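Student: Take this structure first; my questions come after.
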2 protein chains.
Amino acid sequence: MPLDDTQLDRYRQEGYLVVDSLFAPAEIEVLLAAFARDARVEGPQRILEEDGTGVRAVYASHLRQPEFADLVRSPRVLGVARQLLDDELYLYQLKINAKPALGGERWAWHQDFPAWRIMDDLPAPRLVNVAVFLDDVTEFNGPVVYVPGSHQAGTLADTRRGPARSAQHLDPDDIALRPDQLAGLMGRHGMVSPKGPAGTVVFFSPQIVHGSAQNMSPHARRLLILTFNEVTNQPRHRGAPRAEYLVGRDTTPLVVAGGTLTGAAR
Amino acid sequence: MPLDDTQLDRYRQEGYLVVDSLFAPAEIEVLLAAFARDARVEGPQRILEEDGTGVRAVYASHLRQPEFADLVRSPRVLGVARQLLDDELYLYQLKINAKPALGGERWAWHQDFPAWRIMDDLPAPRLVNVAVFLDDVTEFNGPVVYVPGSHQAGTLADTRRGPARSAQHLDPDDIALRPDQLAGLMGRHGMVSPKGPAGTVVFFSPQIVHGSAQNMSPHARRLLILTFNEVTNQPRHRGAPRAEYLVGRDTTPLVVAGGTLTGAAR
């Protein structure tokens, strides 16, 4: 399913593109089973809830679970990412966020690229995020909210505010935009929060302003995010690089392969 | 505008009823001007933001501003409230909550009646809330979310959990429902979050389970809530009663009066 010109134009103008039900329910089942398996693997790549009762996020599942390695190369993910960028690609990061039931945490309004520039000395925002809904996303379970077109405003917050809140990642609060910046952007562009059944995919720019509120529902809301980077845009890592599960080190250009995700060949 | 039988049935079955644009934009302007005036009146009835920069809530504006005194007696508010309850009514509480821009706070899932039973020794849930949108309510600015039909489940949390977080009111977190209770109710009934232009009104039961997420938008979201109680259901106040701005002491039966809110006669 290559994107058509209308879709490509929309992505460039709005900074995001929704493709409803890009993956079938049976494929999502495959991914959820692989996630359940991966969530039992102990290690620093697995982030627990503060109260220790559940898994809040897992990084780099493609290094352990073949279903995610297949997904990374699939035409619907890598093929489309290639259309949206200009060069060959490698996987910069893969994470699965589970926004827990009846709370979760909000994510402050932010752009992704400033975080990676600060943490990894990444030269340019030549990346694309691919967000795969692993659960139905509704208005009630903390959908990601985007400011469409805000990616055209450039890098809005490029210095960290105060000390970092986490050694592992740059918390969005550390690079949160100022209220006057947000009021201006939202006044011009409004807000959108894509919703849809599990299997829906949102492609979004590393420069688009986005955030999310809490999950009011009684079920976790799991979201898989793959980030592809151009092979000529590798981090400079002036300091020690972050762990491989956070920032991919295999920069071999990825080749599109596979079709339906069945998990059957394994 | 008395409610018709369909609307009355819906309120009884669902525990809430939305009437779109019950007040005209010009009437909302009158109320907002009165609120702006009232928000400058210092006193315990005025709750400031934690950072002191803004007004988070004001209680009992009808005791100081004639526009709100008119609203309390208006056919569209008191007249409808009389339809929804069985006896003559007085005003139990009037408050205006401003959910601040780019954050605000979530309100944990709760029922109102248990709070009043604990704080005021209120005998029975023979009250009705009338929520008037003073700003447009959207999916982005922390709309109140209701579990329709949950008012039929009775009083679900009747004991305070831990010490009170505020001497002034019972924080919803103090009487928050258990996750298993919520999962059951939401599984059976789902959730709804009424949205609409300023002037829209939601009538809701003191027993309906409700909560709200943060305000992601760059503007405050102001909501006026009037609570009417039956005159035969007065608090027993086994301890000292709460301040009059929190719990109305004038239990004289209210009489419907007035029409369009113009503020002109003052």
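Simple scheme: letters A, B, ... for chains in structure tokens order, numbers from 1 for residues in each chain, numbers from 1 for ligands in the order shown.
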Within 12 Å of chain A, which residues of chain B show up when using only C-alpha atoms, listed as a count of residues only?

Tutor: 51

Student: As a short mmCIF file (atom, residue, chain, number, x, y, z; two decimals) with N, CA and C atoms, in the first residue's frame, please: all residues of stretch 42-195 of chain B that backbone DSSP puts in strand (DSSP E).

Tutor:
data_model
loop_
_atom_site.label_atom_id
_atom_site.label_comp_id
_atom_site.auth_asym_id
_atom_site.auth_seq_id
_atom_site.Cartn_x
_atom_site.Cartn_y
_atom_site.Cartn_z
N ARG B 46 -13.06 32.22 47.20
CA ARG B 46 -12.28 32.28 45.97
C ARG B 46 -11.05 31.40 46.11
N ILE B 47 -10.94 30.37 45.27
CA ILE B 47 -9.83 29.42 45.34
C ILE B 47 -8.83 29.79 44.25
N LEU B 48 -7.61 30.09 44.66
CA LEU B 48 -6.58 30.44 43.68
C LEU B 48 -5.84 29.20 43.21
N VAL B 55 -7.48 32.32 39.19
CA VAL B 55 -8.58 31.85 40.01
C VAL B 55 -9.02 30.49 39.51
N ARG B 56 -9.00 29.52 40.38
CA ARG B 56 -9.35 28.16 40.01
C ARG B 56 -10.84 27.90 40.20
N ALA B 57 -11.41 28.49 41.22
CA ALA B 57 -12.83 28.26 41.48
C ALA B 57 -13.37 29.39 42.34
N VAL B 58 -14.65 29.66 42.19
CA VAL B 58 -15.34 30.61 43.04
C VAL B 58 -16.65 29.97 43.47
N TYR B 59 -16.99 30.10 44.74
CA TYR B 59 -18.24 29.56 45.27
C TYR B 59 -19.24 30.67 45.53
N LEU B 89 -37.43 23.02 46.24
CA LEU B 89 -35.96 23.01 46.20
C LEU B 89 -35.36 24.28 46.80
N TYR B 90 -34.15 24.13 47.30
CA TYR B 90 -33.32 25.29 47.62
C TYR B 90 -31.93 25.02 47.07
N LEU B 91 -31.10 26.08 47.06
CA LEU B 91 -29.78 25.93 46.45
C LEU B 91 -28.79 25.40 47.49
N TYR B 92 -28.25 24.24 47.20
CA TYR B 92 -27.28 23.62 48.10
C TYR B 92 -25.89 24.20 47.88
N GLN B 93 -25.54 24.40 46.63
CA GLN B 93 -24.20 24.91 46.33
C GLN B 93 -24.18 25.51 44.93
N LEU B 94 -23.40 26.56 44.74
CA LEU B 94 -23.13 27.10 43.41
C LEU B 94 -21.63 27.33 43.31
N LYS B 95 -21.01 26.78 42.28
CA LYS B 95 -19.57 27.00 42.11
C LYS B 95 -19.24 27.16 40.65
N ILE B 96 -18.18 27.85 40.40
CA ILE B 96 -17.65 28.00 39.04
C ILE B 96 -16.23 27.47 39.08
N ASN B 97 -16.00 26.40 38.32
CA ASN B 97 -14.67 25.81 38.22
C ASN B 97 -14.01 26.26 36.93
N ALA B 98 -12.82 26.78 37.03
CA ALA B 98 -12.05 27.11 35.83
C ALA B 98 -10.93 26.09 35.70
N LYS B 99 -11.07 25.18 34.76
CA LYS B 99 -10.00 24.20 34.58
C LYS B 99 -8.92 24.90 33.77
N TRP B 107 -9.92 15.15 37.68
CA TRP B 107 -10.76 14.83 38.82
C TRP B 107 -10.98 13.33 38.79
N ALA B 108 -10.61 12.68 39.86
CA ALA B 108 -10.75 11.23 39.93
C ALA B 108 -12.22 10.85 39.76
N TRP B 109 -12.45 9.65 39.27
CA TRP B 109 -13.81 9.14 39.14
C TRP B 109 -14.49 9.11 40.50
N HIS B 110 -15.67 9.67 40.58
CA HIS B 110 -16.37 9.73 41.87
C HIS B 110 -17.87 9.96 41.65
N LEU B 127 -31.01 15.32 45.09
CA LEU B 127 -30.47 16.57 44.57
C LEU B 127 -30.30 16.44 43.06
N VAL B 128 -30.07 17.56 42.43
CA VAL B 128 -29.70 17.53 41.01
C VAL B 128 -28.65 18.60 40.76
N ASN B 129 -27.68 18.26 39.91
CA ASN B 129 -26.66 19.21 39.48
C ASN B 129 -27.03 19.78 38.13
N VAL B 130 -26.79 21.07 37.97
CA VAL B 130 -27.02 21.74 36.69
C VAL B 130 -25.70 22.37 36.28
N ALA B 131 -25.06 21.81 35.25
CA ALA B 131 -23.75 22.30 34.81
C ALA B 131 -23.94 23.14 33.55
N VAL B 132 -23.55 24.40 33.65
CA VAL B 132 -23.70 25.33 32.53
C VAL B 132 -22.31 25.59 31.92
N PHE B 133 -22.15 25.27 30.62
CA PHE B 133 -20.86 25.52 29.95
C PHE B 133 -20.68 27.03 29.79
N VAL B 144 -16.11 16.87 31.22
CA VAL B 144 -16.52 15.91 32.23
C VAL B 144 -16.97 14.63 31.51
N VAL B 145 -16.55 13.49 32.04
CA VAL B 145 -16.92 12.19 31.47
C VAL B 145 -17.85 11.50 32.47
N TYR B 146 -18.97 11.00 31.97
CA TYR B 146 -19.96 10.32 32.80
C TYR B 146 -20.04 8.84 32.42
#

Student: Identify all residues of stretch 13-223 of chain B in helix (DSSP H, G or I) (DSSP on the backbone) and supply them as a ChimeraX atom specification.

Tutor: /B:13-14,25-38,61-63,66-73,75-84,112-120,150-153,172-175,179-189

Student: What's the 9 Å shell around B:Val80, counting only C-alpha atoms, without same-chain residues fewer than 2 positions away, as number ranges by chain?

Tutor: B: 1-3, 75-78, 82-85, 203

Student: May I have the selected residues written with N, CA, C and O atoms, as a tab-separated table (two decimals), in the first residue's frame?

Tutor:
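Done, and the output landed in result-v8.tsv:
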chain	number	residue	atom	x	y	z
B	1	MET	N	-38.98	26.29	28.81
B	1	MET	CA	-38.69	25.02	28.13
B	1	MET	C	-38.78	23.84	29.10
B	1	MET	O	-37.76	23.28	29.47
B	2	PRO	N	-39.97	23.48	29.51
B	2	PRO	CA	-40.02	22.25	30.33
B	2	PRO	C	-39.53	21.06	29.52
B	2	PRO	O	-39.66	21.03	28.30
B	3	LEU	N	-38.93	20.11	30.22
B	3	LEU	CA	-38.48	18.90	29.55
B	3	LEU	C	-39.69	18.09	29.12
B	3	LEU	O	-40.71	18.06	29.81
B	75	PRO	N	-36.40	29.82	34.77
B	75	PRO	CA	-37.17	28.62	34.38
B	75	PRO	C	-36.30	27.52	33.80
B	75	PRO	O	-36.55	26.34	34.03
B	76	ARG	N	-35.26	27.92	33.08
B	76	ARG	CA	-34.43	26.91	32.43
B	76	ARG	C	-33.54	26.16	33.40
B	76	ARG	O	-33.00	25.10	33.07
B	77	VAL	N	-33.33	26.71	34.58
B	77	VAL	CA	-32.51	26.04	35.58
B	77	VAL	C	-33.42	25.49	36.69
B	77	VAL	O	-33.59	24.28	36.84
B	78	LEU	N	-34.03	26.37	37.44
B	78	LEU	CA	-34.87	25.93	38.56
B	78	LEU	C	-36.11	25.19	38.05
B	78	LEU	O	-36.51	24.16	38.63
B	82	ARG	N	-36.91	21.39	39.12
B	82	ARG	CA	-38.16	20.99	39.76
B	82	ARG	C	-38.78	19.78	39.07
B	82	ARG	O	-39.37	18.90	39.71
B	83	GLN	N	-38.67	19.74	37.74
B	83	GLN	CA	-39.20	18.57	37.02
B	83	GLN	C	-38.46	17.29	37.39
B	83	GLN	O	-39.04	16.20	37.37
B	84	LEU	N	-37.17	17.44	37.68
B	84	LEU	CA	-36.33	16.24	37.86
B	84	LEU	C	-36.38	15.70	39.29
B	84	LEU	O	-35.95	14.58	39.55
B	85	LEU	N	-36.88	16.53	40.22
B	85	LEU	CA	-36.98	16.07	41.60
B	85	LEU	C	-38.44	16.10	42.03
B	85	LEU	O	-39.32	16.49	41.25
B	203	PHE	N	-27.67	18.41	32.93
B	203	PHE	CA	-28.29	18.08	34.22
B	203	PHE	C	-27.78	16.70	34.61
B	203	PHE	O	-27.81	15.78	33.79

Student: Separation of atom CA of A:Pro241 and atom CA of A:Gln152, in Å?

Tutor: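 Atom CA of A:Gln152 lies 28.8 Å from atom CA of A:Pro241.
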
Student: Rank nothing, just name the residue among A:Pro235, A:Pro25, A:Gly149, A:Pro66 nearest to A:Arg10, using only C-alpha atoms.

Tutor: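 Under the stated criterion, the closest residue is A:Gly149.
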
Student: So which residues touch A:Arg73 within 7 Å, counting only C-alpha atoms, skipping near sequence neighbours fewer than 6 positions away, as a PyMOL selection string?

Tutor: chain A and resi 254-257

Student: What is the atom CA of A:Thr260-atom CA of A:Arg64 distance in Å, reported with one decimal?

Tutor: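 Atom-to-atom, atom CA of A:Thr260 to atom CA of A:Arg64, that is 19.7 Å.
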